[in-house]
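Q: If you scroll down you'll find the structure; I have some questions about it.
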Protein chains: 2
Amino acid sequence: MSNMDSVRVRVFSLNCWGIRYLSKYCPQRYAMIGEMLYKEQHDIVLLQEVWSEKDYLFLKKKLASCHPHSHYFRSGVIGSGLAIFSKHRIRDTFLYRYSLNGYPYMAHHGDWFGGKAVGMAILNLGSLTANVYVTHLHAEYSREKDSYLPHRVVQAWELQQFIRHTSAGADVVIVGGDLNMHPQDLGNRLLRAYTGLQDSYLETAKFDGCENGMTLIADNPFISKKELVPFEKGIRIDYILFKGSSKADVHCDSMSTTKGSVPNHPFPYSDHEALTAELRLELHSFSCLSFMDLGKLAELVDIVTEARTEVKVGLHCAERMRYTAARTGVMGLALLFLELVIAAVPYLALGAEQPFPRTSFYLLAVLCFAILLTTSMLYIFYTMELKSLQGAEDQMRLGIGSLQEKLKGFCLAQLHNPSGRPPEVQEPGAFEPEE
Amino acid sequence: MSNMDSVRVRVFSLNCWGIRYLSKYCPQRYAMIGEMLYKEQHDIVLLQEVWSEKDYLFLKKKLASCHPHSHYFRSGVIGSGLAIFSKHRIRDTFLYRYSLNGYPYMAHHGDWFGGKAVGMAILNLGSLTANVYVTHLHAEYSREKDSYLPHRVVQAWELQQFIRHTSAGADVVIVGGDLNMHPQDLGNRLLRAYTGLQDSYLETAKFDGCENGMTLIADNPFISKKELVPFEKGIRIDYILFKGSSKADVHCDSMSTTKGSVPNHPFPYSDHEALTAELRLELHSFSCLSFMDLGKLAELVDIVTEARTEVKVGLHCAERMRYTAARTGVMGLALLFLELVIAAVPYLALGAEQPFPRTSFYLLAVLCFAILLTTSMLYIFYTMELKSLQGAEDQMRLGIGSLQEKLKGFCLAQLHNPSGRPPEVQEPGAFEPEE
């Protein structure tokens with residue numbers, strides 16, 4: 001629906017848990033999702049964990065009449081799992097793959113193979129240009145001992161960088177996806193504070209859904225309660241975020257989530273709950289700039305500093321791992337050398353007996369080679385991890401410098417003009433290239 | 001230098017050929033480069049192939065007084081090799097790593113390990129916001145049989161995407177680097193046509209340098225003439241590109257390249273020639289939009305179509321390679337199975353003699369495992385390559401659709417208003433998010 005100066009947009013987001021042959025009732029759930037999307041006719045549908053392209057194509061066919069425009073984002077070994085369906089023409093798409101995403105040898109966690117990324121689609125909503133982002137961050141497998149925290153913080157950093165730098169020309173920004181972060185987690189605060197994105201659950205005028213907006217709940221039959229400990233009832237890790245611009249304001253009129261079951265069906269759409277937000281875009285006829293207060297700016301500096309510390313912890317950890325790999329490699333090499341020396345003795349001291357049983361000789365050699373191969377690959381991998389972490393840390397340092405400069409300008413301006421607001425310090429969302 | 005309505009910017013770009021212990025006279029050349037940069041005091045220095053961080057730190061120290069702002073872009077195993085030095089404060093940086101970049105097993109070509117990328121730095125030039133990009137694309141090792149062509153075309157595609165989507169808020173765009181493409185190569189045309197970037201060599205009012213602006217010349221003592229065949233005198237593969245905006249026009253007042261030698265030194269700065277461009281940014285007090293003609297738009301459609309064909313060729317090739325890897329893997333598995341069966345015979349038919357000499361048995365088993373390991377890794381790698389190629393092809397298809405729609409709008413508008421220009425079709429540089 002749209003009239004002269006407001007446009008209504010219904011946005012849907014769901015982590016589909018679509019691992020073929022492994023996720024429970026996968027084909028049946030896709031059929032249910034397709035039916036529901038066809039009936040509901042959202043403007044924009046953002047899906048995550050659509051791991052199989054066949055399932056994407058099934059949905060594409062099913063939704064051909066109501067959502068003629070769609071895009072599947074490919075990346076990594078398996079894919080990014082990200083898909084977007086839209087009523088409105090998609091004008092352009094772009095994918096940014098996170099530089100860090102777990103470890104290939106943690107195959108049971110599987111994140112590395114997924115090539116986690118953020119996908120962007122540019123579409124027109126009435127006369128407005130909307131940049132729509134869909135993403136899925138690295139999972140948190142243990143709240144207490146989260147070895148992936150630095151990776152997730154770097155992903156959140158890259159996500160905010162990507163959104164900030166690509167949305168300068170957008171009138172509206174909409175982000176949906178499974179961030180795998182609680183509302184107050186570092187990466188989440190970093191994302192919202194730096195980009196100025198608003199959380200539709202917190203901003204909505206009307207809410208219908210799970211308690212506290214939770215999206216991974218104990219009442220969902222696909223969820224084992226053990227996974228949720230220490231959060232008995234569930235957690236909120238899926239989001240629809242939005243942001244306006246000088247050309248349009250965005251309001252969230254209502255928001256809803258599914259509640260762990262679907263009427264007339266034996267099981268829900270997924271192990272995650274689905275989110276729907278009704279956004280209202282109000283057009284301005286004039287351009288306005290809003291200002292950020294001192295407190296918010298200082299808070300942003302604190303958040304980025306905290307993120308930088310977290311990345312540094314990851315750096316030390318990766319450095320230690322790389323050192324261990326190198327040391328083990330050297331030991332493998334030494335072992336191989338030793339074996340060759342022992343084997344060479346009979347040849348040098350003619351007549352001496354070969355001290356090695358042949359079988360053990362070959363087995364030991366194979367072991368040495370395996371150690372050498374594995375440790376060299378690990379060494380290369382940790383080097384790449386280090387580079388990515390160092391890169392993010394560098395960018396954060398630079399960011400903190402820029403923010404502190406702004407803060408200084410702000411304080412000086414307040415000193416000279418205690419009642420007014422300094423014109424050079426804008427909203428968080430305004431820390432953008434166009435500033 | 002800057003006055004009220006024009007800003008002069010001197011931009012420098014050089015591929016430093018900085019492979020420690022392999023590139024000739026590496027430390028001496030870095031000392032020469034540092035001296036020259038210190039003396040010349042360019043506004044913006046864009047360096048490629050600074051493979052070692054130690055060399056970056058050497059330059060950073062040397063240039064601390066004249067170029068207090070700098071950034072080193074980290075990526076991949078070795079790094080991206082990209083560095084930027086600036087007189088003007090760098091406000092923000094961002095790195096995009098190309099999704100395709102050669103093959104890890106082509107270690108002698110080394111590109112894969114470099115983690116080729118495009119680095120962005122946002123800085124203020126007077127009152128203008130400049131987005132400065134530095135990049136280095138995959139090398140071309142054979143002009144006739146260029147197996148990396150699809151990779152380079154995808155890199156050029158991603159480069160133009162990255163520049164278009166991140167520069168919506170910029171008043172000036174400056175791109176420098178070693179594109180490893182001749183001026184009329186597909187990727188180069190794609191980049192310039194889609195973004196509207198202008199080539200400083202073609203636009204300059206004054207030029208002083210090698211014939212035809214060449215940057216890899218036969219007269220350079222580090223170049224073996226064999227490499228250049230069939231181009232006797234040399235080729236032009238390094239560029240400084242620029243683009244204005246509705247807020248500022250950019251003109252190239254003069255441009256120069258080194259000529260294969262440095263006065264008072266026994267050898268040049270690098271195997272590539274260095275580029276210097278003097279840009280003049282003219283501020284508008286009013287906002288103006290320029291329009292693109294029908295011919296240019298149709299040409300852009302042709303170029304993207306050509307790029308899509310090239311990517312499709314790469315797709316078929318990668319599919320074939322993946323199939324070969326799978327087949328070889330199956331053969332390795334069959335061989336292992338056969339060996340185990342033969343070895344099992346004596347155990348089953350008691351008393352029969354072991355038909356295998358023990359040594360050959362173990363060697364064969366190791367061979368089988370090696371085949372299995374290698375082919376599975378290759379299979380994973382080719383799958384990732386396929387995803388990236390398919391992703392780029394998808395984006396190109398979408399791009400062609402959008403462009404054709406514009407073309408249709410253009411034709412319709414001309415039909416109704418044969419003399420005027422249709423307001424909805426803008427300059428190439430205007431195919432941007434803000435459009």
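A note on labels: chains of the structure tokens are A, B, ... as shown, every chain counts residues from 1, and ligands are counted from 1 in their shown order.
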How close does chain B get to chain A? List, as CSV, each residue of chain B within 6 Å, its nearest atom pair and the distance in Å to one decimal, counting only C-alpha atoms.

A:
```
residue,atom,partner,partner_atom,distance
B:Arg74,CA,A:Gly391,CA,5.3
B:Ser75,CA,A:Lys387,CA,5.7
B:Gly76,CA,A:Met384,CA,5.2
B:Val77,CA,A:Met384,CA,4.8
B:His165,CA,A:Thr166,CA,5.0
B:Thr166,CA,A:Thr166,CA,4.5
B:Ala168,CA,A:Gly169,CA,5.2
B:Gly169,CA,A:Glu434,CA,3.7
B:Ala170,CA,A:Glu434,CA,5.8
B:Thr383,CA,A:Val77,CA,5.8
B:Met384,CA,A:Val77,CA,4.8
B:Lys387,CA,A:Arg74,CA,5.4
B:Gly391,CA,A:Arg74,CA,5.3
B:Pro433,CA,A:Gly169,CA,5.2
B:Glu434,CA,A:Gly169,CA,3.7
```

Q: Assign secondary structure with DSSP using the backbone only, and return the residues of range 260-392 of chain B in alpha helix (DSSP H) as a short mmCIF file (atom, residue, chain, number, x, y, z; two decimals) with N, CA, C and O atoms, in the first residue's frame.

A:
```
data_model
loop_
_atom_site.label_atom_id
_atom_site.label_comp_id
_atom_site.auth_asym_id
_atom_site.auth_seq_id
_atom_site.Cartn_x
_atom_site.Cartn_y
_atom_site.Cartn_z
N LEU B 294 22.24 7.27 -25.67
CA LEU B 294 21.74 5.94 -26.01
C LEU B 294 22.89 4.99 -26.36
O LEU B 294 22.94 3.84 -25.94
N GLY B 295 23.85 5.54 -27.14
CA GLY B 295 24.97 4.72 -27.59
C GLY B 295 25.75 4.15 -26.43
O GLY B 295 26.07 2.96 -26.38
N LYS B 296 26.03 5.00 -25.45
CA LYS B 296 26.83 4.57 -24.30
C LYS B 296 26.12 3.50 -23.49
O LYS B 296 26.72 2.54 -23.01
N LEU B 297 24.81 3.68 -23.35
CA LEU B 297 24.02 2.73 -22.57
C LEU B 297 24.01 1.37 -23.27
O LEU B 297 24.21 0.32 -22.65
N ALA B 298 23.80 1.41 -24.60
CA ALA B 298 23.77 0.17 -25.38
C ALA B 298 25.14 -0.52 -25.31
O ALA B 298 25.24 -1.74 -25.20
N GLU B 299 26.20 0.29 -25.34
CA GLU B 299 27.55 -0.24 -25.27
C GLU B 299 27.78 -0.96 -23.94
O GLU B 299 28.37 -2.04 -23.88
N LEU B 300 27.27 -0.34 -22.87
CA LEU B 300 27.42 -0.94 -21.55
C LEU B 300 26.73 -2.31 -21.49
O LEU B 300 27.27 -3.28 -20.96
N VAL B 301 25.53 -2.37 -22.08
CA VAL B 301 24.81 -3.65 -22.13
C VAL B 301 25.67 -4.70 -22.85
O VAL B 301 25.82 -5.84 -22.38
N ASP B 302 26.27 -4.30 -23.97
CA ASP B 302 27.13 -5.22 -24.73
C ASP B 302 28.31 -5.70 -23.89
O ASP B 302 28.65 -6.89 -23.89
N ILE B 303 28.93 -4.77 -23.19
CA ILE B 303 30.12 -5.13 -22.40
C ILE B 303 29.76 -6.12 -21.30
O ILE B 303 30.43 -7.13 -21.10
N VAL B 304 28.64 -5.83 -20.60
CA VAL B 304 28.26 -6.74 -19.51
C VAL B 304 27.89 -8.11 -20.10
O VAL B 304 28.21 -9.15 -19.51
N THR B 305 27.26 -8.11 -21.26
CA THR B 305 26.90 -9.39 -21.90
C THR B 305 28.16 -10.18 -22.24
O THR B 305 28.23 -11.40 -22.03
N GLU B 306 29.16 -9.46 -22.75
CA GLU B 306 30.42 -10.11 -23.09
C GLU B 306 31.07 -10.69 -21.84
O GLU B 306 31.57 -11.83 -21.84
N ALA B 307 31.04 -9.92 -20.75
CA ALA B 307 31.64 -10.38 -19.49
C ALA B 307 30.91 -11.63 -19.01
O ALA B 307 31.53 -12.58 -18.52
N ARG B 308 29.59 -11.63 -19.17
CA ARG B 308 28.80 -12.77 -18.71
C ARG B 308 29.17 -14.03 -19.50
O ARG B 308 29.28 -15.12 -18.94
N THR B 309 29.41 -13.86 -20.81
CA THR B 309 29.82 -15.00 -21.63
C THR B 309 31.14 -15.55 -21.14
O THR B 309 31.33 -16.76 -21.01
N GLU B 310 32.06 -14.63 -20.82
CA GLU B 310 33.38 -15.04 -20.34
C GLU B 310 33.27 -15.83 -19.04
O GLU B 310 33.93 -16.84 -18.84
N VAL B 311 32.39 -15.35 -18.16
CA VAL B 311 32.21 -16.02 -16.88
C VAL B 311 31.59 -17.40 -17.11
O VAL B 311 31.94 -18.37 -16.44
N LYS B 312 30.70 -17.50 -18.09
CA LYS B 312 30.09 -18.79 -18.41
C LYS B 312 31.13 -19.79 -18.90
O LYS B 312 31.08 -20.97 -18.56
N VAL B 313 32.07 -19.29 -19.70
CA VAL B 313 33.16 -20.16 -20.16
C VAL B 313 33.92 -20.69 -18.94
O VAL B 313 34.20 -21.89 -18.82
N GLY B 314 34.22 -19.78 -18.01
CA GLY B 314 34.91 -20.18 -16.78
C GLY B 314 34.09 -21.19 -15.99
O GLY B 314 34.64 -22.13 -15.43
N LEU B 315 32.79 -21.02 -15.98
CA LEU B 315 31.88 -21.93 -15.28
C LEU B 315 32.00 -23.34 -15.83
O LEU B 315 32.16 -24.31 -15.09
N HIS B 316 31.94 -23.45 -17.16
CA HIS B 316 32.04 -24.78 -17.80
C HIS B 316 33.38 -25.42 -17.47
O HIS B 316 33.47 -26.61 -17.19
N CYS B 317 34.42 -24.59 -17.52
CA CYS B 317 35.77 -25.09 -17.26
C CYS B 317 35.86 -25.61 -15.83
O CYS B 317 36.37 -26.71 -15.58
N ALA B 318 35.34 -24.83 -14.87
CA ALA B 318 35.41 -25.24 -13.46
C ALA B 318 34.58 -26.50 -13.23
O ALA B 318 34.96 -27.37 -12.45
N GLU B 319 33.45 -26.58 -13.92
CA GLU B 319 32.61 -27.78 -13.80
C GLU B 319 33.36 -29.01 -14.26
O GLU B 319 33.32 -30.07 -13.63
N ARG B 320 34.08 -28.86 -15.39
CA ARG B 320 34.85 -29.97 -15.94
C ARG B 320 35.95 -30.39 -14.96
O ARG B 320 36.17 -31.56 -14.71
N MET B 321 36.62 -29.38 -14.40
CA MET B 321 37.72 -29.67 -13.47
C MET B 321 37.18 -30.38 -12.24
O MET B 321 37.80 -31.32 -11.73
N ARG B 322 36.03 -29.95 -11.76
CA ARG B 322 35.47 -30.57 -10.57
C ARG B 322 35.09 -32.02 -10.87
O ARG B 322 35.31 -32.92 -10.07
N TYR B 323 34.56 -32.22 -12.07
CA TYR B 323 34.19 -33.58 -12.48
C TYR B 323 35.42 -34.48 -12.53
O TYR B 323 35.41 -35.62 -12.04
N THR B 324 36.51 -33.94 -13.10
CA THR B 324 37.76 -34.70 -13.18
C THR B 324 38.26 -35.06 -11.79
O THR B 324 38.69 -36.19 -11.54
N ALA B 325 38.20 -34.09 -10.88
CA ALA B 325 38.65 -34.34 -9.51
C ALA B 325 37.81 -35.45 -8.88
O ALA B 325 38.35 -36.37 -8.25
N ALA B 326 36.49 -35.39 -9.10
CA ALA B 326 35.60 -36.39 -8.51
C ALA B 326 35.92 -37.77 -9.08
O ALA B 326 36.02 -38.77 -8.35
N ARG B 327 36.13 -37.82 -10.40
CA ARG B 327 36.41 -39.10 -11.06
C ARG B 327 37.73 -39.68 -10.56
O ARG B 327 37.82 -40.87 -10.25
N THR B 328 38.75 -38.84 -10.46
CA THR B 328 40.04 -39.32 -9.97
C THR B 328 39.91 -39.82 -8.54
O THR B 328 40.50 -40.84 -8.17
N GLY B 329 39.14 -39.11 -7.75
CA GLY B 329 38.92 -39.52 -6.36
C GLY B 329 38.27 -40.89 -6.30
O GLY B 329 38.68 -41.75 -5.50
N VAL B 330 37.28 -41.10 -7.13
CA VAL B 330 36.59 -42.40 -7.16
C VAL B 330 37.56 -43.50 -7.57
O VAL B 330 37.57 -44.60 -7.00
N MET B 331 38.44 -43.18 -8.53
CA MET B 331 39.44 -44.16 -8.96
C MET B 331 40.39 -44.51 -7.82
O MET B 331 40.74 -45.67 -7.60
N GLY B 332 40.79 -43.48 -7.06
CA GLY B 332 41.66 -43.71 -5.90
C GLY B 332 40.99 -44.62 -4.89
O GLY B 332 41.61 -45.54 -4.34
N LEU B 333 39.70 -44.39 -4.68
CA LEU B 333 38.94 -45.18 -3.73
C LEU B 333 38.85 -46.63 -4.21
O LEU B 333 39.03 -47.59 -3.44
N ALA B 334 38.60 -46.79 -5.53
CA ALA B 334 38.50 -48.13 -6.11
C ALA B 334 39.82 -48.88 -5.96
O ALA B 334 39.85 -50.08 -5.61
N LEU B 335 40.92 -48.17 -6.18
CA LEU B 335 42.25 -48.77 -6.08
C LEU B 335 42.50 -49.24 -4.65
O LEU B 335 43.00 -50.36 -4.42
N LEU B 336 42.14 -48.40 -3.69
CA LEU B 336 42.32 -48.74 -2.28
C LEU B 336 41.50 -49.99 -1.94
O LEU B 336 41.98 -50.91 -1.26
N PHE B 337 40.29 -50.01 -2.42
CA PHE B 337 39.39 -51.13 -2.17
C PHE B 337 39.98 -52.42 -2.74
O PHE B 337 40.04 -53.45 -2.08
N LEU B 338 40.47 -52.32 -3.99
CA LEU B 338 41.08 -53.46 -4.68
C LEU B 338 42.27 -53.99 -3.89
O LEU B 338 42.42 -55.20 -3.66
N GLU B 339 43.09 -53.07 -3.42
CA GLU B 339 44.27 -53.45 -2.67
C GLU B 339 43.89 -54.19 -1.40
O GLU B 339 44.48 -55.22 -1.05
N LEU B 340 42.88 -53.66 -0.71
CA LEU B 340 42.45 -54.28 0.53
C LEU B 340 41.91 -55.69 0.27
O LEU B 340 42.17 -56.62 1.03
N VAL B 341 41.17 -55.82 -0.85
CA VAL B 341 40.62 -57.14 -1.20
C VAL B 341 41.75 -58.13 -1.45
O VAL B 341 41.77 -59.24 -0.91
N ILE B 342 42.73 -57.70 -2.25
CA ILE B 342 43.87 -58.59 -2.56
C ILE B 342 44.61 -58.98 -1.29
O ILE B 342 44.97 -60.14 -1.07
N ALA B 343 44.80 -57.99 -0.42
CA ALA B 343 45.52 -58.25 0.83
C ALA B 343 44.73 -59.18 1.75
O ALA B 343 45.31 -59.93 2.53
N ALA B 344 43.39 -59.10 1.62
CA ALA B 344 42.55 -59.90 2.52
C ALA B 344 42.53 -61.37 2.12
O ALA B 344 42.24 -62.24 2.95
N VAL B 345 42.83 -61.64 0.84
CA VAL B 345 42.73 -63.03 0.33
C VAL B 345 43.46 -64.03 1.21
O VAL B 345 42.86 -65.02 1.66
N PRO B 346 44.76 -63.81 1.55
CA PRO B 346 45.48 -64.82 2.34
C PRO B 346 44.81 -65.09 3.68
O PRO B 346 44.88 -66.21 4.19
N TYR B 347 44.18 -64.06 4.25
CA TYR B 347 43.53 -64.24 5.55
C TYR B 347 42.29 -65.11 5.41
O TYR B 347 41.96 -65.91 6.28
N LEU B 348 41.59 -64.89 4.30
CA LEU B 348 40.35 -65.64 4.09
C LEU B 348 40.67 -67.07 3.65
O LEU B 348 40.19 -68.04 4.23
N ARG B 358 55.50 -56.35 1.15
CA ARG B 358 54.99 -55.43 2.15
C ARG B 358 55.24 -53.96 1.77
O ARG B 358 54.37 -53.11 1.94
N THR B 359 56.43 -53.69 1.25
CA THR B 359 56.76 -52.30 0.91
C THR B 359 55.78 -51.74 -0.11
O THR B 359 55.21 -50.67 0.07
N SER B 360 55.59 -52.47 -1.20
CA SER B 360 54.67 -51.99 -2.24
C SER B 360 53.28 -51.80 -1.66
O SER B 360 52.56 -50.86 -2.01
N PHE B 361 52.89 -52.72 -0.74
CA PHE B 361 51.56 -52.60 -0.15
C PHE B 361 51.39 -51.24 0.54
O PHE B 361 50.44 -50.51 0.28
N TYR B 362 52.36 -50.88 1.38
CA TYR B 362 52.23 -49.62 2.10
C TYR B 362 52.34 -48.43 1.16
O TYR B 362 51.62 -47.45 1.29
N LEU B 363 53.26 -48.54 0.20
CA LEU B 363 53.42 -47.42 -0.73
C LEU B 363 52.14 -47.18 -1.51
O LEU B 363 51.69 -46.04 -1.68
N LEU B 364 51.52 -48.27 -1.95
CA LEU B 364 50.28 -48.16 -2.72
C LEU B 364 49.18 -47.54 -1.85
O LEU B 364 48.41 -46.68 -2.30
N ALA B 365 49.11 -47.99 -0.59
CA ALA B 365 48.09 -47.45 0.32
C ALA B 365 48.28 -45.95 0.52
O ALA B 365 47.33 -45.17 0.46
N VAL B 366 49.56 -45.56 0.71
CA VAL B 366 49.84 -44.13 0.88
C VAL B 366 49.42 -43.36 -0.36
O VAL B 366 48.79 -42.30 -0.30
N LEU B 367 49.73 -43.93 -1.53
CA LEU B 367 49.36 -43.29 -2.79
C LEU B 367 47.85 -43.09 -2.85
O LEU B 367 47.35 -42.01 -3.20
N CYS B 368 47.10 -44.17 -2.51
CA CYS B 368 45.64 -44.07 -2.55
C CYS B 368 45.14 -42.96 -1.64
O CYS B 368 44.29 -42.15 -2.02
N PHE B 369 45.67 -42.93 -0.41
CA PHE B 369 45.24 -41.89 0.53
C PHE B 369 45.57 -40.50 0.01
O PHE B 369 44.78 -39.58 0.12
N ALA B 370 46.76 -40.38 -0.58
CA ALA B 370 47.17 -39.08 -1.12
C ALA B 370 46.21 -38.64 -2.22
O ALA B 370 45.78 -37.49 -2.28
N ILE B 371 45.86 -39.60 -3.10
CA ILE B 371 44.91 -39.27 -4.18
C ILE B 371 43.58 -38.83 -3.58
O ILE B 371 43.01 -37.81 -3.98
N LEU B 372 43.09 -39.57 -2.60
CA LEU B 372 41.80 -39.25 -2.00
C LEU B 372 41.81 -37.86 -1.35
O LEU B 372 40.91 -37.06 -1.56
N LEU B 373 42.88 -37.59 -0.61
CA LEU B 373 42.98 -36.31 0.08
C LEU B 373 43.04 -35.16 -0.92
O LEU B 373 42.28 -34.18 -0.82
N THR B 374 43.92 -35.31 -1.92
CA THR B 374 44.09 -34.24 -2.89
C THR B 374 42.80 -33.98 -3.66
O THR B 374 42.38 -32.84 -3.82
N THR B 375 42.18 -35.08 -4.13
CA THR B 375 40.98 -34.87 -4.94
C THR B 375 39.84 -34.29 -4.10
O THR B 375 39.08 -33.47 -4.59
N SER B 376 39.73 -34.67 -2.82
CA SER B 376 38.64 -34.07 -2.04
C SER B 376 38.88 -32.59 -1.85
O SER B 376 37.97 -31.78 -1.93
N MET B 377 40.15 -32.22 -1.60
CA MET B 377 40.43 -30.79 -1.43
C MET B 377 40.16 -30.04 -2.73
O MET B 377 39.61 -28.94 -2.71
N LEU B 378 40.56 -30.64 -3.85
CA LEU B 378 40.31 -29.99 -5.13
C LEU B 378 38.81 -29.86 -5.38
O LEU B 378 38.33 -28.84 -5.89
N TYR B 379 38.07 -30.90 -5.01
CA TYR B 379 36.62 -30.88 -5.21
C TYR B 379 36.01 -29.71 -4.44
O TYR B 379 35.21 -28.92 -4.97
N ILE B 380 36.42 -29.56 -3.18
CA ILE B 380 35.93 -28.45 -2.36
C ILE B 380 36.32 -27.12 -2.99
O ILE B 380 35.50 -26.20 -3.12
N PHE B 381 37.56 -27.03 -3.43
CA PHE B 381 38.03 -25.77 -4.01
C PHE B 381 37.24 -25.40 -5.27
O PHE B 381 36.79 -24.27 -5.43
N TYR B 382 37.04 -26.40 -6.17
CA TYR B 382 36.31 -26.10 -7.41
C TYR B 382 34.85 -25.77 -7.12
O TYR B 382 34.23 -24.99 -7.84
N THR B 383 34.31 -26.37 -6.05
CA THR B 383 32.94 -26.04 -5.69
C THR B 383 32.85 -24.57 -5.29
O THR B 383 31.93 -23.85 -5.70
N MET B 384 33.85 -24.11 -4.53
CA MET B 384 33.87 -22.70 -4.14
C MET B 384 34.03 -21.81 -5.37
O MET B 384 33.38 -20.76 -5.47
N GLU B 385 34.88 -22.23 -6.29
CA GLU B 385 35.08 -21.45 -7.52
C GLU B 385 33.76 -21.35 -8.30
O GLU B 385 33.37 -20.28 -8.76
N LEU B 386 33.08 -22.50 -8.42
CA LEU B 386 31.81 -22.53 -9.14
C LEU B 386 30.81 -21.57 -8.51
O LEU B 386 30.13 -20.82 -9.22
N LYS B 387 30.72 -21.58 -7.17
CA LYS B 387 29.76 -20.70 -6.48
C LYS B 387 30.06 -19.24 -6.80
O LYS B 387 29.16 -18.46 -7.06
N SER B 388 31.35 -18.89 -6.76
CA SER B 388 31.70 -17.49 -7.02
C SER B 388 31.36 -17.10 -8.45
O SER B 388 30.82 -16.02 -8.70
N LEU B 389 31.67 -18.00 -9.40
CA LEU B 389 31.37 -17.71 -10.80
C LEU B 389 29.87 -17.60 -11.01
O LEU B 389 29.39 -16.69 -11.69
N GLN B 390 29.12 -18.54 -10.43
CA GLN B 390 27.67 -18.49 -10.56
C GLN B 390 27.10 -17.22 -9.94
O GLN B 390 26.20 -16.58 -10.49
N GLY B 391 27.66 -16.84 -8.79
CA GLY B 391 27.21 -15.62 -8.12
C GLY B 391 27.40 -14.40 -9.01
O GLY B 391 26.50 -13.58 -9.18
N ALA B 392 28.60 -14.30 -9.63
CA ALA B 392 28.88 -13.16 -10.50
C ALA B 392 27.96 -13.19 -11.72
O ALA B 392 27.44 -12.16 -12.14
#
```

Q: Could you please write out, as number ranges by chain, every residue of range 83-322 of chain B that DSSP assigns to strand (DSSP E)?

A: B: 83-86, 90-97, 117-125, 128-136, 172-178, 198-199, 207-208, 216-217, 234-235, 238-243, 248-257, 275-283

Q: Could you list, as a ChimeraX atom specification, every residue within 12 Å of Gly176 in chain A, counting only C-alpha atoms and ignoring same-chain residues fewer than 6 positions away?

A: /A:11-15,44-48,82-84,118-121,131-137,159,197-200,237-242,274-277

Q: Kindly save the residues from that selection, with C-alpha atoms included, as a CSV table (one decimal), in the first residue's frame.

A:
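Output contents, as saved in again-v4.csv:
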```csv
chain,number,residue,atom,x,y,z
A,11,VAL,CA,9.2,-7.5,6.0
A,12,PHE,CA,9.6,-11.1,6.9
A,13,SER,CA,12.7,-12.9,8.2
A,14,LEU,CA,13.2,-16.6,9.0
A,15,ASN,CA,16.2,-18.9,9.6
A,44,ILE,CA,10.2,-8.4,1.3
A,45,VAL,CA,11.1,-11.9,2.5
A,46,LEU,CA,14.6,-12.5,3.9
A,47,LEU,CA,15.5,-16.2,4.4
A,48,GLN,CA,18.6,-17.7,6.0
A,82,LEU,CA,20.8,-16.5,2.1
A,83,ALA,CA,17.9,-15.7,-0.1
A,84,ILE,CA,15.6,-12.8,-0.8
A,118,VAL,CA,25.9,-10.4,4.1
A,119,GLY,CA,23.8,-10.1,0.9
A,120,MET,CA,22.5,-6.7,-0.3
A,121,ALA,CA,19.6,-6.0,-2.7
A,131,ASN,CA,18.9,-1.1,0.6
A,132,VAL,CA,17.9,-4.4,2.0
A,133,TYR,CA,20.4,-6.6,3.7
A,134,VAL,CA,20.1,-10.3,4.8
A,135,THR,CA,22.8,-12.0,6.9
A,136,HIS,CA,23.6,-14.9,9.1
A,137,LEU,CA,26.5,-14.7,11.6
A,159,LEU,CA,28.6,-6.0,8.7
A,197,LEU,CA,19.9,1.0,12.9
A,198,GLN,CA,16.8,0.6,15.0
A,199,ASP,CA,15.5,-2.7,16.3
A,200,SER,CA,11.9,-3.2,15.2
A,237,ILE,CA,18.9,-13.7,18.2
A,238,ASP,CA,16.9,-13.0,15.0
A,239,TYR,CA,16.2,-9.4,14.1
A,240,ILE,CA,14.6,-7.0,11.7
A,241,LEU,CA,16.4,-3.6,11.9
A,242,PHE,CA,15.7,-0.4,10.0
A,274,ALA,CA,9.7,-16.3,12.1
A,275,LEU,CA,9.6,-12.5,12.3
A,276,THR,CA,7.3,-10.1,10.6
A,277,ALA,CA,7.5,-6.3,10.8
```

Q: When you draw a straight line from CA of Thr215 in chain B to CA of Asp178 in chain B, how long is it in Å?

A: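 These two atoms are separated by 9.3 Å.
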
Q: Can you pull out every residue within 9 Å of Phe58 in chain A, counting only C-alpha atoms, but drop anything in the same chain fewer than 6 positions away, and send it as a ChimeraX atom specification?

A: /A:30-31,34

Q: Take the selection from the previous step and output its residues with C-alpha atoms, as an mmCIF file, in the first residue's frame.

A:
```cif
data_model
loop_
_atom_site.group_PDB
_atom_site.id
_atom_site.type_symbol
_atom_site.label_atom_id
_atom_site.label_comp_id
_atom_site.auth_asym_id
_atom_site.auth_seq_id
_atom_site.Cartn_x
_atom_site.Cartn_y
_atom_site.Cartn_z
ATOM 1 C CA TYR A 30 9.612 -25.871 2.999
ATOM 2 C CA ALA A 31 6.153 -26.718 1.655
ATOM 3 C CA GLY A 34 5.993 -21.693 0.703
#
```
